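What follows is the content of structure.cif (mmCIF, C-alpha atoms).
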data_final
#
loop_
_atom_site.label_atom_id
_atom_site.label_comp_id
_atom_site.auth_asym_id
_atom_site.auth_seq_id
_atom_site.Cartn_x
_atom_site.Cartn_y
_atom_site.Cartn_z
CA MET A 1 -8.55 3.80 -22.12
CA ALA A 2 -8.26 4.90 -18.52
CA ARG A 3 -5.60 3.33 -16.32
CA VAL A 4 -7.30 0.28 -14.83
CA HIS A 5 -5.57 0.57 -11.44
CA ASP A 6 -6.29 4.28 -11.07
CA MET A 7 -9.53 3.86 -9.13
CA GLY A 8 -9.77 6.93 -6.93
CA GLY A 9 -13.12 8.64 -7.37
CA LEU A 10 -14.56 6.27 -9.97
CA PRO A 11 -18.33 6.83 -10.00
CA ASN A 12 -21.14 4.28 -9.66
CA GLN A 13 -19.41 1.88 -7.29
CA GLY A 14 -21.26 -0.66 -5.21
CA ARG A 15 -21.20 -1.29 -1.50
CA ILE A 16 -18.01 -2.40 0.20
CA VAL A 17 -17.97 -6.11 0.93
CA MET A 18 -16.49 -6.72 4.36
CA ASP A 19 -14.63 -9.88 5.23
CA LYS A 20 -16.44 -12.27 7.49
CA ASP A 21 -13.26 -14.22 7.95
CA GLU A 22 -10.75 -12.07 9.78
CA HIS A 23 -7.88 -14.53 9.56
CA PRO A 24 -4.76 -13.02 7.98
CA PHE A 25 -4.79 -15.59 5.16
CA HIS A 26 -8.02 -16.91 3.64
CA ALA A 27 -6.53 -19.67 1.55
CA ASP A 28 -3.28 -21.57 1.61
CA TRP A 29 -2.34 -20.46 -1.90
CA GLU A 30 -2.73 -16.81 -0.87
CA ALA A 31 -0.37 -17.35 2.03
CA ARG A 32 2.13 -19.12 -0.25
CA MET A 33 2.03 -16.31 -2.81
CA TRP A 34 2.41 -13.60 -0.22
CA GLY A 35 5.21 -15.52 1.47
CA MET A 36 6.99 -16.06 -1.85
CA ASN A 37 6.97 -12.33 -2.40
CA GLU A 38 8.54 -11.78 1.00
CA ALA A 39 10.98 -14.67 0.81
CA MET A 40 12.52 -13.70 -2.51
CA TRP A 41 15.21 -11.08 -2.76
CA GLY A 42 15.03 -11.24 -6.54
CA PRO A 43 17.22 -9.35 -8.97
CA ASP A 44 18.01 -5.69 -8.35
CA SER A 45 16.32 -4.78 -11.63
CA TRP A 46 12.94 -5.79 -10.15
CA THR A 47 12.36 -2.45 -8.47
CA LEU A 48 9.27 -1.79 -6.36
CA ASP A 49 7.74 0.49 -8.97
CA TRP A 50 8.58 -1.82 -11.86
CA TRP A 51 6.66 -4.45 -9.86
CA ARG A 52 3.72 -2.05 -9.48
CA TYR A 53 3.84 -1.09 -13.14
CA VAL A 54 3.85 -4.74 -14.27
CA ARG A 55 0.71 -5.25 -12.15
CA GLU A 56 -0.93 -2.15 -13.66
CA LEU A 57 -0.32 -3.63 -17.14
CA ILE A 58 -2.28 -6.82 -16.42
CA GLN A 59 -5.15 -7.17 -18.89
CA ARG A 60 -8.10 -5.11 -17.78
CA ASP A 61 -10.53 -7.98 -17.14
CA ASP A 62 -7.88 -9.95 -15.25
CA TYR A 63 -7.03 -6.93 -13.10
CA LEU A 64 -10.69 -6.37 -12.28
CA THR A 65 -11.76 -9.97 -11.74
CA ARG A 66 -8.86 -12.22 -10.76
CA PRO A 67 -8.09 -12.57 -7.04
CA TYR A 68 -5.62 -10.11 -5.57
CA PHE A 69 -2.78 -12.50 -4.79
CA ASP A 70 -3.29 -14.27 -8.09
CA GLN A 71 -2.32 -10.98 -9.71
CA TRP A 72 0.88 -11.04 -7.65
CA MET A 73 1.58 -14.45 -9.19
CA GLN A 74 1.16 -12.99 -12.64
CA VAL A 75 3.45 -10.05 -11.83
CA TYR A 76 6.26 -12.41 -10.87
CA ALA A 77 5.60 -14.61 -13.88
CA ALA A 78 5.76 -11.62 -16.23
CA MET A 79 8.91 -10.21 -14.61
CA MET A 80 10.61 -13.60 -14.85
CA VAL A 81 9.79 -13.96 -18.54
CA ASP A 82 10.84 -10.37 -19.21
CA SER A 83 14.18 -10.90 -17.45
CA GLY A 84 14.83 -14.21 -19.17
CA VAL A 85 14.69 -16.06 -15.85
CA ALA A 86 11.97 -18.46 -17.04
CA THR A 87 9.82 -19.22 -20.05
CA VAL A 88 6.03 -19.16 -20.09
CA ALA A 89 6.10 -22.96 -20.57
CA GLU A 90 8.20 -23.41 -17.41
CA ILE A 91 5.83 -21.19 -15.43
CA ALA A 92 2.75 -23.00 -16.72
CA SER A 93 4.15 -26.43 -15.84
CA GLY A 94 6.12 -25.53 -12.72
CA LYS A 95 8.99 -27.60 -14.11
CA SER A 96 12.35 -26.03 -14.74
CA ASP A 97 14.25 -26.66 -17.97
CA GLY A 98 17.33 -26.78 -15.79
CA SER A 99 18.60 -23.24 -16.28
CA ARG A 100 19.38 -21.28 -13.15
CA PRO A 101 19.71 -17.52 -13.05
CA LYS A 102 23.19 -16.31 -12.21
CA GLY A 103 23.64 -14.34 -9.04
CA ALA A 104 20.35 -15.28 -7.35
CA VAL A 105 20.72 -14.91 -3.59
CA LEU A 106 18.54 -17.28 -1.62
CA MET A 107 16.81 -16.18 1.58
CA HIS A 108 16.84 -19.00 4.13
CA ALA A 109 14.36 -19.50 6.97
CA ALA A 110 17.05 -18.35 9.39
CA ASP A 111 17.23 -15.00 7.57
CA VAL A 112 13.51 -14.26 7.88
CA ALA A 113 13.31 -12.74 11.37
CA LYS A 114 15.96 -10.19 10.50
CA ALA A 115 14.48 -9.48 7.06
CA ALA A 116 11.04 -8.96 8.63
CA ALA A 117 12.44 -6.38 11.06
CA THR A 118 14.31 -4.49 8.36
CA THR A 119 12.73 -1.35 7.09
CA ARG A 120 13.50 0.60 3.98
CA ASP A 121 14.21 4.30 3.85
CA PHE A 122 13.21 5.81 0.51
CA ARG A 123 14.88 9.17 1.14
CA ARG A 124 18.08 10.19 -0.59
CA PRO A 125 20.38 13.15 0.03
CA ALA A 126 19.10 16.22 -1.81
CA ASP A 127 21.23 18.39 -4.02
CA GLN A 128 18.45 20.93 -4.44
CA LYS A 129 16.35 22.83 -1.95
CA PRO A 130 12.62 22.08 -1.92
CA ALA A 131 10.75 24.38 -4.31
CA PHE A 132 7.70 24.58 -2.06
CA THR A 133 7.08 25.16 1.62
CA PRO A 134 4.04 24.35 3.75
CA GLY A 135 1.21 26.75 3.03
CA ASP A 136 2.14 27.24 -0.64
CA LYS A 137 -0.65 26.94 -3.17
CA VAL A 138 0.20 24.41 -5.89
CA HIS A 139 -1.41 23.11 -9.05
CA THR A 140 -1.08 19.49 -10.14
CA LYS A 141 -0.10 18.61 -13.67
CA THR A 142 -1.87 16.27 -16.06
CA LEU A 143 0.37 13.31 -16.79
CA GLY A 144 -0.39 11.14 -19.79
CA GLU A 145 -0.47 7.40 -20.15
CA GLY A 146 2.17 4.96 -21.29
CA PHE A 147 4.32 5.10 -18.17
CA HIS A 148 4.07 4.56 -14.44
CA THR A 149 3.28 7.48 -12.17
CA ARG A 150 1.86 7.88 -8.70
CA LEU A 151 -0.16 10.97 -9.54
CA PRO A 152 -3.74 9.66 -9.52
CA SER A 153 -6.14 10.93 -12.21
CA TYR A 154 -8.60 12.38 -9.70
CA LEU A 155 -5.82 14.70 -8.50
CA MET A 156 -4.66 15.88 -11.92
CA ASN A 157 -5.20 19.54 -12.84
CA LYS A 158 -6.32 20.45 -9.31
CA THR A 159 -5.23 23.12 -6.87
CA GLY A 160 -4.15 22.29 -3.34
CA ILE A 161 -2.08 23.51 -0.43
CA VAL A 162 1.27 22.10 0.68
CA HIS A 163 0.63 20.52 4.08
CA ALA A 164 4.15 19.15 4.70
CA HIS A 165 7.51 18.60 3.07
CA ARG A 166 8.46 14.91 3.57
CA GLY A 167 12.06 14.88 2.35
CA ASN A 168 13.80 13.90 -0.85
CA HIS A 169 12.19 10.58 -1.85
CA LEU A 170 12.89 8.16 -4.69
CA LEU A 171 10.65 8.99 -7.66
CA PRO A 172 8.46 6.02 -8.70
CA ASP A 173 8.20 7.24 -12.29
CA ALA A 174 11.97 6.74 -12.58
CA GLY A 175 12.04 3.58 -10.44
CA ALA A 176 9.67 1.88 -12.89
CA LYS A 177 12.37 2.44 -15.52
CA GLY A 178 15.11 1.10 -13.29
CA ALA A 179 16.54 4.53 -12.51
CA GLU A 180 17.27 5.92 -9.06
CA VAL A 181 16.16 9.54 -9.06
CA ALA A 182 14.99 11.34 -5.95
CA GLN A 183 12.81 14.42 -5.68
CA HIS A 184 11.27 16.42 -2.91
CA LEU A 185 8.00 14.90 -1.77
CA TYR A 186 5.09 16.82 -0.28
CA THR A 187 1.78 16.00 1.30
CA ILE A 188 -0.76 18.14 -0.53
CA THR A 189 -4.20 18.92 0.87
CA PHE A 190 -7.14 19.35 -1.49
CA ALA A 191 -10.51 20.78 -0.45
CA GLY A 192 -13.50 18.53 -0.99
CA ALA A 193 -15.37 21.41 -2.65
CA ASP A 194 -12.58 21.69 -5.26
CA LEU A 195 -12.30 17.97 -6.03
CA TRP A 196 -15.99 17.13 -5.95
CA PRO A 197 -17.98 20.34 -6.46
CA GLY A 198 -21.67 20.05 -5.72
CA GLU A 199 -21.32 16.65 -4.03
CA GLY A 200 -21.52 17.91 -0.45
CA ARG A 201 -17.86 17.34 0.39
CA ASP A 202 -17.20 20.90 1.61
CA LYS A 203 -16.18 19.76 5.08
CA ASP A 204 -13.79 17.05 3.84
CA ARG A 205 -10.06 17.31 3.15
CA PHE A 206 -8.23 14.96 0.79
CA ASN A 207 -4.48 14.46 1.17
CA ALA A 208 -1.94 12.74 -1.07
CA ASP A 209 1.85 12.52 -1.21
CA LEU A 210 3.08 14.03 -4.45
CA TRP A 211 6.54 14.62 -5.90
CA GLU A 212 7.84 17.99 -7.00
CA SER A 213 7.69 17.17 -10.73
CA TYR A 214 3.91 16.57 -10.37
CA LEU A 215 3.40 20.15 -9.17
CA GLU A 216 3.58 23.74 -10.33
CA ARG A 217 3.15 26.90 -8.30
CA ALA A 218 -0.45 28.06 -8.49
CA MET B 1 18.95 -10.52 -14.75
CA SER B 2 18.04 -7.21 -16.28
CA SER B 3 14.53 -5.94 -16.98
CA SER B 4 13.27 -4.32 -20.18
CA TYR B 5 11.10 -1.66 -18.44
CA ASP B 6 9.08 -1.87 -21.65
CA PRO B 7 5.30 -1.73 -21.17
CA LYS B 8 4.68 -3.11 -24.69
CA LYS B 9 6.78 -6.16 -23.98
CA ILE B 10 5.06 -6.73 -20.63
CA THR B 11 1.63 -6.37 -22.21
CA GLU B 12 2.53 -9.10 -24.70
CA ILE B 13 3.86 -11.33 -21.91
CA HIS B 14 0.63 -10.83 -19.94
CA GLU B 15 -1.40 -11.88 -22.99
CA HIS B 16 0.77 -14.94 -23.39
CA LEU B 17 0.44 -15.86 -19.72
CA HIS B 18 -3.31 -15.28 -19.86
CA SER B 19 -3.65 -17.92 -22.59
CA GLU B 20 -1.09 -20.43 -21.29
CA LEU B 21 -1.49 -20.56 -17.49
CA PRO B 22 -4.12 -22.70 -15.78
CA SER B 23 -7.06 -20.65 -14.53
CA ASP B 24 -7.08 -21.91 -10.94
CA PRO B 25 -4.95 -19.55 -8.80
CA ALA B 26 -3.96 -22.35 -6.44
CA LEU B 27 -2.47 -24.32 -9.34
CA ARG B 28 -0.71 -21.28 -10.75
CA VAL B 29 0.84 -20.39 -7.40
CA LYS B 30 1.90 -23.96 -6.73
CA ALA B 31 3.64 -24.16 -10.09
CA LEU B 32 5.37 -20.83 -9.50
CA GLU B 33 6.69 -21.94 -6.12
CA SER B 34 7.99 -25.25 -7.51
CA LEU B 35 9.73 -23.43 -10.32
CA LEU B 36 11.31 -20.78 -8.09
CA VAL B 37 12.59 -23.49 -5.77
CA GLU B 38 14.09 -25.41 -8.69
CA LYS B 39 15.68 -22.22 -9.98
CA GLY B 40 17.29 -21.57 -6.63
CA MET B 41 15.39 -18.30 -6.14
CA VAL B 42 13.15 -19.25 -3.23
CA ASP B 43 13.43 -21.59 -0.24
CA SER B 44 10.04 -23.05 0.77
CA ALA B 45 11.12 -23.05 4.42
CA ALA B 46 11.61 -19.28 4.21
CA ILE B 47 8.05 -18.92 2.86
CA ASP B 48 6.80 -20.99 5.82
CA ALA B 49 8.70 -18.73 8.20
CA TRP B 50 7.17 -15.55 6.73
CA VAL B 51 3.66 -16.99 6.79
CA ASP B 52 4.07 -18.13 10.40
CA LEU B 53 5.38 -14.73 11.40
CA TYR B 54 2.41 -12.86 9.91
CA ALA B 55 -0.14 -15.47 11.02
CA GLU B 56 1.05 -15.52 14.63
CA GLU B 57 3.22 -12.63 15.67
CA ILE B 58 2.89 -9.62 13.39
CA GLY B 59 -0.61 -8.18 13.30
CA PRO B 60 -2.86 -5.34 14.44
CA LYS B 61 -1.99 -5.99 18.09
CA ARG B 62 1.24 -4.15 17.38
CA GLY B 63 -0.51 -1.01 16.23
CA ALA B 64 -2.91 -1.31 19.17
CA ARG B 65 -0.01 -1.27 21.65
CA VAL B 66 1.40 1.83 20.01
CA VAL B 67 -1.98 3.56 20.22
CA ALA B 68 -2.50 2.54 23.86
CA LYS B 69 0.88 3.93 24.80
CA SER B 70 0.05 7.19 23.03
CA TRP B 71 -3.02 7.44 25.31
CA THR B 72 -1.11 6.95 28.54
CA ASP B 73 2.20 8.65 27.82
CA PRO B 74 1.97 12.21 26.42
CA THR B 75 5.68 12.38 25.65
CA PHE B 76 5.42 9.17 23.62
CA ARG B 77 2.38 10.60 21.83
CA ALA B 78 4.42 13.67 20.90
CA ARG B 79 7.23 11.46 19.59
CA LEU B 80 4.74 9.33 17.61
CA LEU B 81 3.17 12.36 15.95
CA ALA B 82 6.58 13.88 15.21
CA ASP B 83 8.27 10.76 13.79
CA GLY B 84 6.13 7.65 13.57
CA THR B 85 8.90 5.34 12.37
CA ALA B 86 11.23 6.26 15.25
CA ALA B 87 8.38 5.86 17.75
CA ILE B 88 7.32 2.38 16.59
CA SER B 89 10.98 1.32 16.54
CA GLU B 90 10.95 1.81 20.33
CA PHE B 91 8.75 -1.32 20.30
CA GLY B 92 10.88 -3.11 17.71
CA TYR B 93 7.97 -2.88 15.26
CA GLN B 94 9.94 -1.53 12.31
CA GLY B 95 9.76 -3.79 9.26
CA HIS B 96 7.91 -4.15 5.97
CA ALA B 97 6.41 -0.84 4.77
CA THR B 98 7.04 1.09 7.95
CA GLY B 99 10.03 3.18 6.85
CA HIS B 100 7.96 6.36 6.83
CA ILE B 101 5.10 6.05 9.31
CA VAL B 102 2.93 9.13 9.75
CA ALA B 103 0.54 9.04 12.71
CA VAL B 104 -2.61 11.17 12.34
CA GLU B 105 -4.83 11.74 15.37
CA ASN B 106 -8.57 11.74 15.62
CA THR B 107 -10.11 14.44 17.80
CA PRO B 108 -13.73 15.37 18.56
CA GLY B 109 -13.60 17.61 15.46
CA VAL B 110 -11.46 15.47 13.12
CA HIS B 111 -11.76 11.97 11.69
CA ASN B 112 -8.98 10.42 9.59
CA LEU B 113 -9.40 7.73 6.92
CA VAL B 114 -6.59 5.93 5.05
CA VAL B 115 -6.73 4.45 1.55
CA CYS B 116 -4.44 3.50 -1.33
CA THR B 117 -6.31 4.31 -4.54
CA LEU B 118 -3.53 3.14 -6.87
CA CYS B 119 -2.77 -0.27 -5.36
CA SER B 120 -2.93 -1.54 -1.79
CA CYS B 121 -0.20 0.17 0.27
CA TYR B 122 -0.53 -0.64 3.97
CA PRO B 123 1.77 -0.54 7.05
CA PHE B 124 2.24 -4.32 7.20
CA ALA B 125 4.77 -4.60 10.01
CA LEU B 126 2.49 -2.50 12.22
CA LEU B 127 -1.00 -3.79 11.30
CA GLY B 128 -0.30 -7.17 9.71
CA MET B 129 -2.10 -8.38 6.57
CA SER B 130 -4.56 -5.91 5.10
CA PRO B 131 -8.25 -6.80 4.97
CA GLY B 132 -9.79 -7.76 1.63
CA TRP B 133 -12.09 -4.72 1.50
CA TYR B 134 -9.08 -2.39 1.77
CA LYS B 135 -7.88 -3.78 -1.58
CA SER B 136 -11.31 -3.73 -3.24
CA GLN B 137 -12.27 -1.48 -6.13
CA GLU B 138 -15.24 -0.15 -4.17
CA TYR B 139 -13.15 1.05 -1.23
CA ARG B 140 -10.33 2.41 -3.37
CA ALA B 141 -12.78 4.34 -5.56
CA ARG B 142 -15.17 5.63 -2.92
CA ALA B 143 -12.90 6.52 0.03
CA VAL B 144 -11.64 9.60 -1.84
CA ARG B 145 -15.05 10.65 -3.16
CA ASP B 146 -17.65 9.75 -0.58
CA PRO B 147 -15.76 9.07 2.66
CA ARG B 148 -18.81 9.68 4.83
CA GLY B 149 -20.84 7.20 2.80
CA VAL B 150 -18.03 4.65 3.21
CA LEU B 151 -17.90 5.30 6.95
CA LYS B 152 -21.65 4.81 7.22
CA GLU B 153 -21.30 1.34 5.67
CA PHE B 154 -18.81 0.52 8.39
CA GLY B 155 -21.34 1.71 10.97
CA VAL B 156 -19.51 4.95 11.68
CA SER B 157 -21.50 8.17 11.68
CA VAL B 158 -19.58 11.40 11.78
CA GLY B 159 -21.51 14.59 12.38
CA ASP B 160 -21.51 17.57 10.05
CA GLU B 161 -19.29 19.42 12.51
CA VAL B 162 -16.53 16.82 12.13
CA GLU B 163 -13.91 17.34 9.43
CA VAL B 164 -13.06 14.14 7.56
CA ARG B 165 -9.44 13.92 6.44
CA VAL B 166 -8.64 11.28 3.85
CA TRP B 167 -5.04 10.16 3.27
CA ASP B 168 -4.26 8.50 -0.08
CA SER B 169 -1.02 6.49 0.24
CA THR B 170 0.47 7.54 -3.10
CA ALA B 171 4.12 7.46 -1.92
CA GLU B 172 6.02 5.33 0.61
CA LEU B 173 4.53 7.14 3.59
CA ARG B 174 2.19 4.87 5.53
CA TYR B 175 -0.51 6.37 7.70
CA LEU B 176 -1.59 5.19 11.13
CA VAL B 177 -4.81 6.63 12.51
CA VAL B 178 -4.62 7.23 16.25
CA PRO B 179 -8.21 6.84 17.50
CA GLU B 180 -9.50 8.69 20.54
CA ARG B 181 -9.28 7.03 23.93
CA PRO B 182 -12.73 5.91 25.05
CA ALA B 183 -14.20 7.72 28.04
CA GLY B 184 -14.29 5.90 31.37
CA THR B 185 -11.06 3.96 30.83
CA GLU B 186 -8.93 5.89 33.32
CA GLY B 187 -8.26 2.86 35.52
CA LEU B 188 -7.18 0.50 32.73
CA SER B 189 -3.63 -0.69 32.17
CA GLU B 190 -1.86 -0.22 28.87
CA ASP B 191 -2.50 -3.88 27.97
CA GLN B 192 -6.20 -3.51 28.76
CA LEU B 193 -6.35 -0.34 26.69
CA ALA B 194 -4.60 -2.01 23.76
CA ALA B 195 -7.32 -4.68 23.75
CA LEU B 196 -9.90 -1.93 22.99
CA VAL B 197 -8.14 -0.75 19.84
CA THR B 198 -9.57 -2.30 16.67
CA ARG B 199 -7.66 -2.73 13.44
CA ASN B 200 -10.27 -0.73 11.56
CA SER B 201 -9.89 2.19 13.98
CA MET B 202 -6.24 2.43 12.92
CA ILE B 203 -7.28 2.57 9.23
CA GLY B 204 -10.12 4.95 10.03
CA THR B 205 -13.14 2.75 9.28
CA ASP B 206 -13.98 2.62 12.99
CA ARG B 207 -14.18 5.67 15.26
CA VAL B 208 -15.80 5.31 18.67
CA LEU B 209 -14.05 2.49 20.52
CA LYS B 210 -15.95 0.52 23.11
CA LYS B 211 -15.03 0.75 26.77
CA ALA B 212 -14.95 -3.01 27.17
CA GLY B 213 -13.41 -4.88 24.26
#

Starting from the file, lay out its structure as structure tokens.
Amino acid sequence: MARVHDMGGLPNQGRIVMDKDEHPFHADWEARMWGMNEAMWGPDSWTLDWWRYVRELIQRDDYLTRPYFDQWMQVYAAMMVDSGVATVAEIASGKSDGSRPKGAVLMHAADVAKAAATTRDFRRPADQKPAFTPGDKVHTKTLGEGFHTRLPSYLMNKTGIVHAHRGNHLLPDAGAKGAEVAQHLYTITFAGADLWPGEGRDKDRFNADLWESYLERA
Amino acid sequence: MSSSYDPKKITEIHEHLHSELPSDPALRVKALESLLVEKGMVDSAAIDAWVDLYAEEIGPKRGARVVAKSWTDPTFRARLLADGTAAISEFGYQGHATGHIVAVENTPGVHNLVVCTLCSCYPFALLGMSPGWYKSQEYRARAVRDPRGVLKEFGVSVGDEVEVRVWDSTAELRYLVVPERPAGTEGLSEDQLAALVTRNSMIGTDRVLKKAG
């Protein structure tokens, strides 16, 4: 079955429903869930791409129908159970059995302004030169299922041109397994006529940021 | 507090959660917060502080100021296009998901549109909370297949002579569309110009800004 989160280019989609309410938070519980995500440092093993992968593994119907921030709740719940931080019964009731994870560092309200102005750099020093340079023609691989990757299906087995080299960035495929591996990252430009032949996209250009291991020289 | 990194184990946990948790998201989230507080992992006052910050202070006005400055100051514009993160840090706007900002400029012949087909990546510290439609299946699916059809639904018509460039946020780069300055705004101050810049124009679902906001 296709990856549920991998939505780029899915056919037969309806109109886009625009928000009438332009407030940043539509419901209090959404604000609480979003804020919880920001206000928790969490264990180091909860990497960004492990988080994303846990969301991608939510049951198909839940992923497609449950509200967005409700899925965030389920990601945290699943990561907590997986890490032995809490049981499903504790999460369902909201009542702790009294156990506290060792080494949890609490973010206080006084820490928030600084945390909110802190940015993260995903580049790491490179021990290899980039294999490609802008202007090179590259072909994307086909990556199977059963692991996390940031190569979308609609860009698998396609030919594009290297638009820019972006530095040596942490590889999500490794991050979702708790490993810190960096690879050269490139913005690749695909022609509309190549991605969507016969659909009248000849004047459009589609760009994505792809790691070296997703690419081969064309 | 290690993690298994095992998709099979997580799939089983999801099934378990699906059958055990209450259906109402508000109840689920409330229980999670109570539990995290009891476990010493979250301080409710810190949640309040984050929510206040993104409800009041951090929002699309930040991006609008950056765009307005790029209209009035060509050397700033050059810095923004060369290194978006360094340029927004001049305003103190660095923060969540802005470690690798790439500014892309609209011109009479080019229109840029930003999407995240795999999840919902967005430059939060620069544009604030993302709109619901940005996270919807319809937008994520269609922006990379029928961008002109998407634009039409947002009331934006781009002529056949205009190249549409779509940017799928598959890595940690976050794209900021720099819309064109509206004609007839030569006398306006930077603050007045910033008031003309819409959030959607910085995502790419708006193109021709109005002279009077």

(request) Could you give me, as number ranges by chain, the residues that sit within 9 Å of (-17.6, -5.4, -1.8) in the file's coordinates, counting all atoms listed in the file? (result) A: 14-19; B: 132-133, 136-139

(message) With only C-alpha atoms as the counted atoms, please give the residues lying no more than 10 Å from Tyr54 (chain B), apart from itself and same-chain residues fewer than 5 positions off, as a list in words.
(response)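 Skipping anything fewer than 5 positions along the chain leaves Pro24, Phe25, Ala31, Gly35 and Ala116 of chain A; Ala49, Gly59, Phe124, Ala125, Leu127, Gly128 and Met129 of chain B.
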
(message) Using the chain letters and numbers from this file, what does the PyMOL selection byres ((chain A and resi 77) around 8) select? Give the answer as JSON, numbers by chain.
(response) {"A": [73, 74, 75, 76, 78, 79, 80, 81, 88, 91], "B": [17, 32]}

(message) As a check of understanding, name the residues that the PyMOL selection byres ((chain A and resi 133) around 9) selects in the supplied structure, as a list in words.
(response) Pro130, Ala131, Phe132, Pro134, Gly135, Asp136, Val162, His163, Ala164, His165 and Tyr186 of chain A

(message) For region 109-112 of chain B, find every residue with an atom within 8 Å (counting all atoms listed in the file), except residues of its own chain fewer than 6 positions away, and show them as a list of chain:residue names.
(response)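 Skipping anything fewer than 6 positions along the chain leaves B:Val158, B:Glu161, B:Val162, B:Glu163, B:Val164, B:Arg165, B:Val166, B:Trp167, B:Val177, B:Gly204, B:Arg207.
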
Which residues, named as in the file, does the PyMOL selection byres ((chain A and resi 107) around 8) pick out? Answer as a PDB file with C-alpha atoms, keeping the file's coordinate frame.
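Contents of part_33.pdb, freshly written:
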ATOM      1  CA  ALA A  39      10.980 -14.670   0.810  1.00  0.00           C
ATOM      2  CA  MET A  40      12.520 -13.700  -2.510  1.00  0.00           C
ATOM      3  CA  TRP A  41      15.210 -11.080  -2.760  1.00  0.00           C
ATOM      4  CA  VAL A 105      20.720 -14.910  -3.590  1.00  0.00           C
ATOM      5  CA  LEU A 106      18.540 -17.280  -1.620  1.00  0.00           C
ATOM      6  CA  HIS A 108      16.840 -19.000   4.130  1.00  0.00           C
ATOM      7  CA  ALA A 109      14.360 -19.500   6.970  1.00  0.00           C
ATOM      8  CA  ASP A 111      17.230 -15.000   7.570  1.00  0.00           C
ATOM      9  CA  VAL A 112      13.510 -14.260   7.880  1.00  0.00           C
TER      10      VAL A 112
ATOM     11  CA  VAL B  42      13.150 -19.250  -3.230  1.00  0.00           C
ATOM     12  CA  ASP B  43      13.430 -21.590  -0.240  1.00  0.00           C
ATOM     13  CA  ALA B  46      11.610 -19.280   4.210  1.00  0.00           C
TER      14      ALA B  46
END

Quick one: residues within 12 Å of Ser93 (chain A), all atoms listed in the file, excluding same-chain residues fewer than 4 positions away - as an mmCIF file with C-alpha atoms, in the frame of the given file?
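The result, written out as part-v3.cif:
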data_model
loop_
_atom_site.group_PDB
_atom_site.id
_atom_site.type_symbol
_atom_site.label_atom_id
_atom_site.label_comp_id
_atom_site.auth_asym_id
_atom_site.auth_seq_id
_atom_site.Cartn_x
_atom_site.Cartn_y
_atom_site.Cartn_z
ATOM 1 C CA ALA A 86 11.970 -18.460 -17.040
ATOM 2 C CA THR A 87 9.820 -19.220 -20.050
ATOM 3 C CA VAL A 88 6.030 -19.160 -20.090
ATOM 4 C CA ALA A 89 6.100 -22.960 -20.570
ATOM 5 C CA ASP A 97 14.250 -26.660 -17.970
ATOM 6 C CA LEU B 17 0.440 -15.860 -19.720
ATOM 7 C CA GLU B 20 -1.090 -20.430 -21.290
ATOM 8 C CA LEU B 21 -1.490 -20.560 -17.490
ATOM 9 C CA PRO B 22 -4.120 -22.700 -15.780
ATOM 10 C CA LEU B 27 -2.470 -24.320 -9.340
ATOM 11 C CA ARG B 28 -0.710 -21.280 -10.750
ATOM 12 C CA VAL B 29 0.840 -20.390 -7.400
ATOM 13 C CA LYS B 30 1.900 -23.960 -6.730
ATOM 14 C CA ALA B 31 3.640 -24.160 -10.090
ATOM 15 C CA LEU B 32 5.370 -20.830 -9.500
ATOM 16 C CA GLU B 33 6.690 -21.940 -6.120
ATOM 17 C CA SER B 34 7.990 -25.250 -7.510
ATOM 18 C CA LEU B 35 9.730 -23.430 -10.320
ATOM 19 C CA LEU B 36 11.310 -20.780 -8.090
#

(request) Using all atoms listed in the file, pick whichever of A:Leu48, A:Val85, A:Ile188, A:Ile161 has the shortest atom-to-atom distance to Gly175 (chain A). (result)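 Checking each of A:Leu48, A:Val85, A:Ile188, A:Ile161 against Gly175 (chain A), counting all atoms listed in the file, the winner is A:Leu48.
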
(request) Would you kindly return, as a list in words, each protein, DNA or RNA residue with an atom no farther than 10 Å from any atom of Lys102 (chain A), considering only C-alpha atoms and excluding same-chain residues fewer than 3 positions away? (result) Pro43, Val85, Ser99 and Val105 of chain A; Met1, Lys39 and Gly40 of chain B

(request) Tell me, as an NGL selection string, which residues lie within 8 Å of Thr98 (chain B), counting only C-alpha atoms; anything in the same chain fewer than 2 positions away does not count. (result) (:A and (119-120)) or (:B and (85 or 94-96 or 100-101 or 123-126 or 173-174))

(message) At a cut-off of 12 Å around the point (-1.6, 7.5, 24.5) (file coordinates), what residues fall inside when counting all atoms listed in the file? I'd like the answer as a ChimeraX atom specification.
(response) /B:63-81,105,178-182,185-186,189-191,193-194,197

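Minimum atom-to-atom distance to chain B, evaluated using only C-alpha atoms, belongs to A:Phe206 out of A:Tyr68, A:Trp211, A:Phe206, A:Trp34.
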
(request) Measure the distance from CA of Asp52 (chain B) to CA of Glu38 (chain B) in Å and round it to one decimal. (result)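 Those two atoms sit 22.8 Å apart.
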
(message) With distances taken over only C-alpha atoms, which residue among A:Arg66, A:Lys129, A:Lys177, A:Arg166 lies nearest chain B?
(response)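 Between A:Arg66, A:Lys129, A:Lys177, A:Arg166, the residue approaching chain B most closely is A:Lys177.
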
(message) Report, in Å to a single decimal, how far apart CA of Gly155 (chain B) and CA of Lys61 (chain B) are.
(response) 22.0 Å

(message) For a quick check of understanding, using all atoms listed in the file, which of A:Thr149, A:Gly42, A:Phe69, A:Asp49 has the smallest distance to Asp28 (chain A)?
(response)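 Closest candidate: A:Phe69.
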
(request) To one decimal in Å, tell me the separation between CA of Asn168 (chain A) and CA of Val102 (chain B). (result)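 It comes out at 15.9 Å.
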
C-alpha atoms of region 163-167 of chain A from block above, as a compact mmCIF listing (two decimals), in the first residue's frame:
# COMPACT_ATOMS: atom_id res chain seq x y z
CA HIS A 163 19.80 23.89 -9.34
CA ALA A 164 21.94 24.43 -6.21
CA HIS A 165 24.17 22.65 -3.74
CA ARG A 166 22.88 23.44 -0.22
CA GLY A 167 25.65 22.02 1.96
